[in-house]
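Comments concern the structure below.
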Amino acid sequence: MNKKKEITINKLKGLGETILDDINKNQVPKIKVPSRGTSNIVYDNEKRYYVLGDRYGQRSLGNVKQINKMAQMIYVANFCKDLVRRGKTATLREMYYVSEGWDVDFGDQQESNIVGEDLEVTLGTTREDLGLMPEEDGASVYGNITIQDDDVEINALKAGKSGYTISPTIDDVEFVDHDVERVIAVETMGMFHRMVQENAYKKFDSLIVGLKGQAARATRRFLKRVNEELNLPVYICNDGDPWGFHIAMVIISGSAKLAHVNHQLATPDAKFLGVTASDIINYDLPTDPLKDIDVLRLKELSKDPRYKDEAWQMEIKKMLKIGKKAEQQSFSKYGLEYVVETYLPEKLEALE
């Protein structure tokens with residue numbers, strides 16, 4: 001058993017021992033659970049991402065309303081301990097169905113997901129370390145990097161044009177070798193495949209990462225690891241709208257919802273390439289008008305501490321002023337090769 005699994009097992013055992021200690025002392029068993037309410041989520045200016053404050057809640061068998069919640073957590077913890085011990089994983093959906101055979105009831109999968117999150121924040125670990133995996137596939141990586149995944153060495157250039165799929169257990173993957181200078185992450189798989197076809201990985205000595213929309217936790221962890229462990233700068237290219245801005249910022253500064261694990265997911269030094277409101281104007285891109293929900297979201301972002309930087313504030317105001325948004329692939333107006341031959345070189349030169 002590797003060190004990380006041993007630590008996770010000990011944390012799970014410790015949770016059980018805390019309950020047994022209370023029983024042996026003739027005390028009502030209880031568990032302290034860090035609060036994930038909005039009042040306990042704080043943006044740390046020094047770390048540049050959201051963190052949890054020091055407020056705690058308490059699950060107690062002395063409170064009738066909390067008996068079921070505490071029992072749910074104990075069952076989930078026991079399930080996870082078995083997964084880790086056996087070196088297995090289960091999707092969140094699978095755990096929900098397994099729970100049908102338990103003596104506790106979950107109203108729906110959302111309820112069991114929340115208990116899984118409560119467990120990871122209580123133990124100070126991640127659901128991936130607990131053996132719990134999401135349903136969605138990871139993103140794709142293409143470029144000259146060799147990784148050790150279980151007993152197999154894989155080079156992402158030789159994994160086919162769809163690249164290497166980032167595993168939910170990305171922390172178990174070792175980086176063996178690489179010959180790249182940067183990472184370019186793109187929001188859509190359409191742009192990912194365009195960049196692969198146009199040999200962008202060669203032109204920019206880069207890994208190309210297709211995010212598949214909002215980046216999964218494993219994708220964010222991969223980007224953080226290559227940034228910190230391989231010293232590769234990370235650049236993000238998304239659609240030019242408030243939702244694309246948000247996808248980029250979650251990679252850079254984490255999300256409020258995952259404040260308890262942002263230290264493992266956020267990449268504060270990652271840079272946003274575009275598409276910006278300035279790009280829409282400077283490159284005369286095809287656009288769509290902002291919808292009311294887009295305007296509302298932009299105004300929300302302008303008040304978000306993650307966007308306090310002058311450059312972000314300027315782009316948000318400019319987008320509100322022009323009332324337009326644009327997709328990554330709108331550069332195709334100038335030909336399929338334009339984004340790789342002209343746009344990205346100009347933007348990278350400006351940022352580097």
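Identifiers for the structure tokens are assigned positionally: chains receive A, B, ... in sequence, residues are indexed from 1 per chain, and ligands are indexed from 1 in the order shown.
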**Asked** Pro268 (chain A): which residues within 10 Å, counting only C-alpha atoms, same-chain residues fewer than 5 positions away excluded, as a PyMOL selection string?
**Response** chain A and resi 47-49+224+227+234+249-254+263
Per DSSP on the backbone, what are the strand (DSSP E or B) residues of region 33-219 of chain A, as a PDB file with N, CA, C and O atoms, in the first residue's frame?
```
ATOM      1  N   VAL A  33     -17.805  18.951  11.465  1.00  0.00           N
ATOM      2  CA  VAL A  33     -17.754  19.078  10.007  1.00  0.00           C
ATOM      3  C   VAL A  33     -17.542  20.550   9.637  1.00  0.00           C
ATOM      4  O   VAL A  33     -18.376  21.394   9.975  1.00  0.00           O
ATOM      5  N   PRO A  34     -16.430  20.876   8.992  1.00  0.00           N
ATOM      6  CA  PRO A  34     -16.201  22.276   8.579  1.00  0.00           C
ATOM      7  C   PRO A  34     -17.376  22.806   7.758  1.00  0.00           C
ATOM      8  O   PRO A  34     -17.900  22.103   6.890  1.00  0.00           O
ATOM      9  N   ILE A  41     -16.694  30.851   3.382  1.00  0.00           N
ATOM     10  CA  ILE A  41     -15.838  30.752   2.196  1.00  0.00           C
ATOM     11  C   ILE A  41     -15.202  32.117   1.960  1.00  0.00           C
ATOM     12  O   ILE A  41     -15.893  33.118   1.779  1.00  0.00           O
ATOM     13  N   VAL A  42     -13.875  32.151   2.009  1.00  0.00           N
ATOM     14  CA  VAL A  42     -13.138  33.412   1.976  1.00  0.00           C
ATOM     15  C   VAL A  42     -12.138  33.415   0.821  1.00  0.00           C
ATOM     16  O   VAL A  42     -11.440  32.413   0.589  1.00  0.00           O
ATOM     17  N   TYR A  43     -12.059  34.536   0.105  1.00  0.00           N
ATOM     18  CA  TYR A  43     -11.038  34.648  -0.939  1.00  0.00           C
ATOM     19  C   TYR A  43      -9.733  35.084  -0.293  1.00  0.00           C
ATOM     20  O   TYR A  43      -9.658  36.132   0.360  1.00  0.00           O
ATOM     21  N   ASP A  44      -8.703  34.257  -0.434  1.00  0.00           N
ATOM     22  CA  ASP A  44      -7.393  34.526   0.147  1.00  0.00           C
ATOM     23  C   ASP A  44      -6.550  35.286  -0.873  1.00  0.00           C
ATOM     24  O   ASP A  44      -6.138  34.718  -1.900  1.00  0.00           O
ATOM     25  N   TYR A  49      -6.895  32.244  -4.251  1.00  0.00           N
ATOM     26  CA  TYR A  49      -8.037  31.364  -4.476  1.00  0.00           C
ATOM     27  C   TYR A  49      -8.886  31.309  -3.218  1.00  0.00           C
ATOM     28  O   TYR A  49      -8.476  31.764  -2.150  1.00  0.00           O
ATOM     29  N   TYR A  50     -10.101  30.752  -3.370  1.00  0.00           N
ATOM     30  CA  TYR A  50     -11.011  30.647  -2.236  1.00  0.00           C
ATOM     31  C   TYR A  50     -10.551  29.561  -1.263  1.00  0.00           C
ATOM     32  O   TYR A  50     -10.068  28.497  -1.679  1.00  0.00           O
ATOM     33  N   VAL A  51     -10.710  29.818   0.023  1.00  0.00           N
ATOM     34  CA  VAL A  51     -10.402  28.845   1.067  1.00  0.00           C
ATOM     35  C   VAL A  51     -11.562  28.806   2.058  1.00  0.00           C
ATOM     36  O   VAL A  51     -12.391  29.719   2.092  1.00  0.00           O
ATOM     37  N   LEU A  52     -11.594  27.754   2.852  1.00  0.00           N
ATOM     38  CA  LEU A  52     -12.591  27.665   3.914  1.00  0.00           C
ATOM     39  C   LEU A  52     -12.113  28.414   5.146  1.00  0.00           C
ATOM     40  O   LEU A  52     -10.923  28.402   5.475  1.00  0.00           O
ATOM     41  N   TYR A  56     -17.164  25.615  12.069  1.00  0.00           N
ATOM     42  CA  TYR A  56     -17.517  24.195  12.033  1.00  0.00           C
ATOM     43  C   TYR A  56     -18.980  24.001  12.404  1.00  0.00           C
ATOM     44  O   TYR A  56     -19.566  24.788  13.139  1.00  0.00           O
ATOM     45  N   GLY A  57     -19.535  22.918  11.866  1.00  0.00           N
ATOM     46  CA  GLY A  57     -20.834  22.449  12.317  1.00  0.00           C
ATOM     47  C   GLY A  57     -20.608  21.150  13.067  1.00  0.00           C
ATOM     48  O   GLY A  57     -19.477  20.660  13.146  1.00  0.00           O
ATOM     49  N   GLN A  58     -21.655  20.585  13.603  1.00  0.00           N
ATOM     50  CA  GLN A  58     -21.490  19.351  14.377  1.00  0.00           C
ATOM     51  C   GLN A  58     -22.620  18.385  14.076  1.00  0.00           C
ATOM     52  O   GLN A  58     -23.792  18.760  14.075  1.00  0.00           O
ATOM     53  N   ARG A  59     -22.259  17.151  13.793  1.00  0.00           N
ATOM     54  CA  ARG A  59     -23.239  16.074  13.648  1.00  0.00           C
ATOM     55  C   ARG A  59     -23.231  15.299  14.963  1.00  0.00           C
ATOM     56  O   ARG A  59     -22.176  14.878  15.429  1.00  0.00           O
ATOM     57  N   SER A  60     -24.388  15.129  15.536  1.00  0.00           N
ATOM     58  CA  SER A  60     -24.459  14.476  16.847  1.00  0.00           C
ATOM     59  C   SER A  60     -25.612  13.479  16.892  1.00  0.00           C
ATOM     60  O   SER A  60     -26.708  13.749  16.384  1.00  0.00           O
ATOM     61  N   ALA A  90     -15.078   3.764  -7.369  1.00  0.00           N
ATOM     62  CA  ALA A  90     -16.500   3.680  -7.715  1.00  0.00           C
ATOM     63  C   ALA A  90     -16.961   5.067  -8.130  1.00  0.00           C
ATOM     64  O   ALA A  90     -16.504   6.070  -7.584  1.00  0.00           O
ATOM     65  N   THR A  91     -17.848   5.123  -9.102  1.00  0.00           N
ATOM     66  CA  THR A  91     -18.403   6.420  -9.472  1.00  0.00           C
ATOM     67  C   THR A  91     -19.409   6.842  -8.405  1.00  0.00           C
ATOM     68  O   THR A  91     -19.926   6.011  -7.648  1.00  0.00           O
ATOM     69  N   LEU A 132     -13.707   7.778  -4.860  1.00  0.00           N
ATOM     70  CA  LEU A 132     -14.954   8.196  -5.491  1.00  0.00           C
ATOM     71  C   LEU A 132     -14.656   9.019  -6.737  1.00  0.00           C
ATOM     72  O   LEU A 132     -13.875   9.967  -6.688  1.00  0.00           O
ATOM     73  N   MET A 133     -15.295   8.661  -7.843  1.00  0.00           N
ATOM     74  CA  MET A 133     -15.025   9.292  -9.123  1.00  0.00           C
ATOM     75  C   MET A 133     -16.303   9.879  -9.728  1.00  0.00           C
ATOM     76  O   MET A 133     -17.395   9.351  -9.512  1.00  0.00           O
ATOM     77  N   SER A 140      -8.734  15.893 -22.769  1.00  0.00           N
ATOM     78  CA  SER A 140      -7.730  15.252 -23.608  1.00  0.00           C
ATOM     79  C   SER A 140      -6.461  16.089 -23.674  1.00  0.00           C
ATOM     80  O   SER A 140      -6.523  17.320 -23.672  1.00  0.00           O
ATOM     81  N   VAL A 141      -5.328  15.411 -23.726  1.00  0.00           N
ATOM     82  CA  VAL A 141      -4.022  16.072 -23.817  1.00  0.00           C
ATOM     83  C   VAL A 141      -3.291  15.550 -25.042  1.00  0.00           C
ATOM     84  O   VAL A 141      -3.233  14.336 -25.270  1.00  0.00           O
ATOM     85  N   TYR A 142      -2.747  16.474 -25.825  1.00  0.00           N
ATOM     86  CA  TYR A 142      -1.970  16.088 -26.996  1.00  0.00           C
ATOM     87  C   TYR A 142      -0.661  16.862 -26.981  1.00  0.00           C
ATOM     88  O   TYR A 142      -0.641  18.077 -26.766  1.00  0.00           O
ATOM     89  N   ILE A 145       4.579  14.545 -24.193  1.00  0.00           N
ATOM     90  CA  ILE A 145       4.769  14.233 -22.777  1.00  0.00           C
ATOM     91  C   ILE A 145       4.573  12.730 -22.598  1.00  0.00           C
ATOM     92  O   ILE A 145       3.669  12.136 -23.203  1.00  0.00           O
ATOM     93  N   THR A 146       5.448  12.127 -21.832  1.00  0.00           N
ATOM     94  CA  THR A 146       5.353  10.700 -21.544  1.00  0.00           C
ATOM     95  C   THR A 146       4.981  10.520 -20.085  1.00  0.00           C
ATOM     96  O   THR A 146       5.597  11.121 -19.205  1.00  0.00           O
ATOM     97  N   ILE A 147       3.952   9.731 -19.846  1.00  0.00           N
ATOM     98  CA  ILE A 147       3.486   9.499 -18.485  1.00  0.00           C
ATOM     99  C   ILE A 147       3.466   8.016 -18.173  1.00  0.00           C
ATOM    100  O   ILE A 147       3.377   7.171 -19.073  1.00  0.00           O
ATOM    101  N   GLN A 148       3.576   7.722 -16.903  1.00  0.00           N
ATOM    102  CA  GLN A 148       3.475   6.353 -16.414  1.00  0.00           C
ATOM    103  C   GLN A 148       2.100   6.211 -15.772  1.00  0.00           C
ATOM    104  O   GLN A 148       1.813   6.820 -14.747  1.00  0.00           O
ATOM    105  N   ASP A 149       1.236   5.430 -16.409  1.00  0.00           N
ATOM    106  CA  ASP A 149      -0.125   5.211 -15.919  1.00  0.00           C
ATOM    107  C   ASP A 149      -0.253   3.737 -15.575  1.00  0.00           C
ATOM    108  O   ASP A 149      -0.303   2.883 -16.467  1.00  0.00           O
ATOM    109  N   VAL A 152       2.008   1.106 -17.506  1.00  0.00           N
ATOM    110  CA  VAL A 152       2.157   1.436 -18.924  1.00  0.00           C
ATOM    111  C   VAL A 152       2.705   2.848 -19.106  1.00  0.00           C
ATOM    112  O   VAL A 152       2.228   3.793 -18.470  1.00  0.00           O
ATOM    113  N   GLU A 153       3.706   2.984 -19.969  1.00  0.00           N
ATOM    114  CA  GLU A 153       4.203   4.300 -20.352  1.00  0.00           C
ATOM    115  C   GLU A 153       3.464   4.748 -21.605  1.00  0.00           C
ATOM    116  O   GLU A 153       3.377   4.003 -22.585  1.00  0.00           O
ATOM    117  N   ILE A 154       2.926   5.958 -21.567  1.00  0.00           N
ATOM    118  CA  ILE A 154       2.139   6.479 -22.683  1.00  0.00           C
ATOM    119  C   ILE A 154       2.685   7.834 -23.085  1.00  0.00           C
ATOM    120  O   ILE A 154       2.880   8.707 -22.236  1.00  0.00           O
ATOM    121  N   ASN A 155       2.930   7.996 -24.383  1.00  0.00           N
ATOM    122  CA  ASN A 155       3.284   9.310 -24.907  1.00  0.00           C
ATOM    123  C   ASN A 155       2.040   9.900 -25.552  1.00  0.00           C
ATOM    124  O   ASN A 155       1.411   9.256 -26.401  1.00  0.00           O
ATOM    125  N   TYR A 164      -4.361  11.781 -25.135  1.00  0.00           N
ATOM    126  CA  TYR A 164      -4.453  10.983 -23.907  1.00  0.00           C
ATOM    127  C   TYR A 164      -5.571  11.545 -23.039  1.00  0.00           C
ATOM    128  O   TYR A 164      -5.657  12.753 -22.812  1.00  0.00           O
ATOM    129  N   THR A 165      -6.452  10.680 -22.588  1.00  0.00           N
ATOM    130  CA  THR A 165      -7.548  11.108 -21.724  1.00  0.00           C
ATOM    131  C   THR A 165      -7.072  11.179 -20.281  1.00  0.00           C
ATOM    132  O   THR A 165      -6.558  10.192 -19.738  1.00  0.00           O
ATOM    133  N   GLU A 174       2.527   9.305 -13.078  1.00  0.00           N
ATOM    134  CA  GLU A 174       3.842   9.930 -12.964  1.00  0.00           C
ATOM    135  C   GLU A 174       4.241  10.558 -14.296  1.00  0.00           C
ATOM    136  O   GLU A 174       4.011   9.981 -15.352  1.00  0.00           O
ATOM    137  N   PHE A 175       4.856  11.745 -14.241  1.00  0.00           N
ATOM    138  CA  PHE A 175       5.390  12.370 -15.437  1.00  0.00           C
ATOM    139  C   PHE A 175       6.813  11.854 -15.644  1.00  0.00           C
ATOM    140  O   PHE A 175       7.707  12.121 -14.835  1.00  0.00           O
ATOM    141  N   VAL A 176       7.002  11.111 -16.730  1.00  0.00           N
ATOM    142  CA  VAL A 176       8.301  10.480 -16.991  1.00  0.00           C
ATOM    143  C   VAL A 176       9.233  11.424 -17.734  1.00  0.00           C
ATOM    144  O   VAL A 176      10.393  11.602 -17.371  1.00  0.00           O
ATOM    145  N   ASP A 177       8.715  12.060 -18.791  1.00  0.00           N
ATOM    146  CA  ASP A 177       9.550  12.926 -19.617  1.00  0.00           C
ATOM    147  C   ASP A 177       8.653  13.863 -20.427  1.00  0.00           C
ATOM    148  O   ASP A 177       7.465  13.583 -20.621  1.00  0.00           O
ATOM    149  N   HIS A 178       9.204  14.980 -20.872  1.00  0.00           N
ATOM    150  CA  HIS A 178       8.454  15.876 -21.745  1.00  0.00           C
ATOM    151  C   HIS A 178       9.428  16.725 -22.546  1.00  0.00           C
ATOM    152  O   HIS A 178      10.592  16.888 -22.163  1.00  0.00           O
ATOM    153  N   ARG A 182       5.274  24.920 -22.870  1.00  0.00           N
ATOM    154  CA  ARG A 182       4.071  25.555 -22.319  1.00  0.00           C
ATOM    155  C   ARG A 182       2.877  24.636 -22.493  1.00  0.00           C
ATOM    156  O   ARG A 182       2.948  23.605 -23.178  1.00  0.00           O
ATOM    157  N   VAL A 183       1.760  25.041 -21.894  1.00  0.00           N
ATOM    158  CA  VAL A 183       0.495  24.324 -22.028  1.00  0.00           C
ATOM    159  C   VAL A 183      -0.559  25.314 -22.504  1.00  0.00           C
ATOM    160  O   VAL A 183      -0.682  26.407 -21.943  1.00  0.00           O
ATOM    161  N   ILE A 184      -1.310  24.936 -23.531  1.00  0.00           N
ATOM    162  CA  ILE A 184      -2.428  25.751 -23.994  1.00  0.00           C
ATOM    163  C   ILE A 184      -3.704  24.937 -23.810  1.00  0.00           C
ATOM    164  O   ILE A 184      -3.867  23.870 -24.417  1.00  0.00           O
ATOM    165  N   ALA A 185      -4.571  25.429 -22.944  1.00  0.00           N
ATOM    166  CA  ALA A 185      -5.845  24.754 -22.682  1.00  0.00           C
ATOM    167  C   ALA A 185      -6.950  25.494 -23.419  1.00  0.00           C
ATOM    168  O   ALA A 185      -7.049  26.722 -23.339  1.00  0.00           O
ATOM    169  N   VAL A 186      -7.785  24.746 -24.140  1.00  0.00           N
ATOM    170  CA  VAL A 186      -8.861  25.353 -24.921  1.00  0.00           C
ATOM    171  C   VAL A 186     -10.207  24.785 -24.464  1.00  0.00           C
ATOM    172  O   VAL A 186     -10.320  23.611 -24.126  1.00  0.00           O
ATOM    173  N   SER A 206       4.130  22.924 -27.390  1.00  0.00           N
ATOM    174  CA  SER A 206       3.096  22.976 -26.350  1.00  0.00           C
ATOM    175  C   SER A 206       2.350  21.664 -26.181  1.00  0.00           C
ATOM    176  O   SER A 206       2.251  20.844 -27.107  1.00  0.00           O
ATOM    177  N   LEU A 207       1.833  21.483 -24.973  1.00  0.00           N
ATOM    178  CA  LEU A 207       0.772  20.502 -24.761  1.00  0.00           C
ATOM    179  C   LEU A 207      -0.537  21.206 -25.073  1.00  0.00           C
ATOM    180  O   LEU A 207      -0.750  22.342 -24.652  1.00  0.00           O
ATOM    181  N   ILE A 208      -1.416  20.536 -25.807  1.00  0.00           N
ATOM    182  CA  ILE A 208      -2.743  21.070 -26.079  1.00  0.00           C
ATOM    183  C   ILE A 208      -3.736  20.296 -25.221  1.00  0.00           C
ATOM    184  O   ILE A 208      -3.773  19.066 -25.265  1.00  0.00           O
ATOM    185  N   VAL A 209      -4.494  21.016 -24.413  1.00  0.00           N
ATOM    186  CA  VAL A 209      -5.479  20.374 -23.530  1.00  0.00           C
ATOM    187  C   VAL A 209      -6.878  20.821 -23.936  1.00  0.00           C
ATOM    188  O   VAL A 209      -7.164  22.018 -23.990  1.00  0.00           O
ATOM    189  N   GLY A 210      -7.733  19.864 -24.253  1.00  0.00           N
ATOM    190  CA  GLY A 210      -9.140  20.163 -24.540  1.00  0.00           C
ATOM    191  C   GLY A 210      -9.942  20.033 -23.259  1.00  0.00           C
ATOM    192  O   GLY A 210     -10.001  18.959 -22.656  1.00  0.00           O
TER     193      GLY A 210
END
```
**Item:** Nearby residues (only C-alpha atoms) at most 12 Å from region 311-314 of chain A, same-chain spacing under 5 positions excluded, as a list in words
**Value:** Pro242, Phe245, His246, Ala248, Met249, Lys271, Phe272, Leu273, Gly274, Thr276, Ala277, Ser278, Leu298, Lys299, Glu300, Leu301, Ser302, Lys303, Asp304, Pro305, Arg306, Met319, Leu320 and Lys321 of chain A
Requested write-out: C-alpha atoms of the selected residues, as a PDB file, in the first residue's frame:
```pdb
ATOM      1  CA  PRO A 242     -18.954  35.510 -19.252  1.00  0.00           C
ATOM      2  CA  PHE A 245     -14.349  33.872 -18.461  1.00  0.00           C
ATOM      3  CA  HIS A 246     -15.702  31.815 -15.553  1.00  0.00           C
ATOM      4  CA  ALA A 248     -10.870  30.141 -17.113  1.00  0.00           C
ATOM      5  CA  MET A 249     -11.104  31.683 -13.649  1.00  0.00           C
ATOM      6  CA  LYS A 271      -2.895  33.188 -17.820  1.00  0.00           C
ATOM      7  CA  PHE A 272      -6.026  33.949 -19.827  1.00  0.00           C
ATOM      8  CA  LEU A 273      -5.233  34.248 -23.543  1.00  0.00           C
ATOM      9  CA  GLY A 274      -8.741  35.087 -24.706  1.00  0.00           C
ATOM     10  CA  THR A 276     -11.474  38.904 -24.839  1.00  0.00           C
ATOM     11  CA  ALA A 277     -13.785  41.782 -25.664  1.00  0.00           C
ATOM     12  CA  SER A 278     -10.724  43.523 -27.072  1.00  0.00           C
ATOM     13  CA  LEU A 298     -20.881  39.945 -16.335  1.00  0.00           C
ATOM     14  CA  LYS A 299     -22.059  42.330 -13.644  1.00  0.00           C
ATOM     15  CA  GLU A 300     -21.697  39.536 -11.075  1.00  0.00           C
ATOM     16  CA  LEU A 301     -18.158  38.828 -12.260  1.00  0.00           C
ATOM     17  CA  SER A 302     -17.221  42.503 -11.958  1.00  0.00           C
ATOM     18  CA  LYS A 303     -17.924  42.258  -8.205  1.00  0.00           C
ATOM     19  CA  ASP A 304     -16.165  38.909  -7.740  1.00  0.00           C
ATOM     20  CA  PRO A 305     -12.776  39.297  -5.941  1.00  0.00           C
ATOM     21  CA  ARG A 306     -11.182  36.915  -8.437  1.00  0.00           C
ATOM     22  CA  MET A 319     -17.946  43.554 -23.254  1.00  0.00           C
ATOM     23  CA  LEU A 320     -20.865  45.239 -21.511  1.00  0.00           C
ATOM     24  CA  LYS A 321     -20.273  48.352 -23.604  1.00  0.00           C
TER      25      LYS A 321
END
```
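Put simply, CA of Asp118 (chain A) is 16.4 Å away from CA of Ile19 (chain A).
CA of Asn262 (chain A) lies 29.1 Å from CA of Asn68 (chain A).
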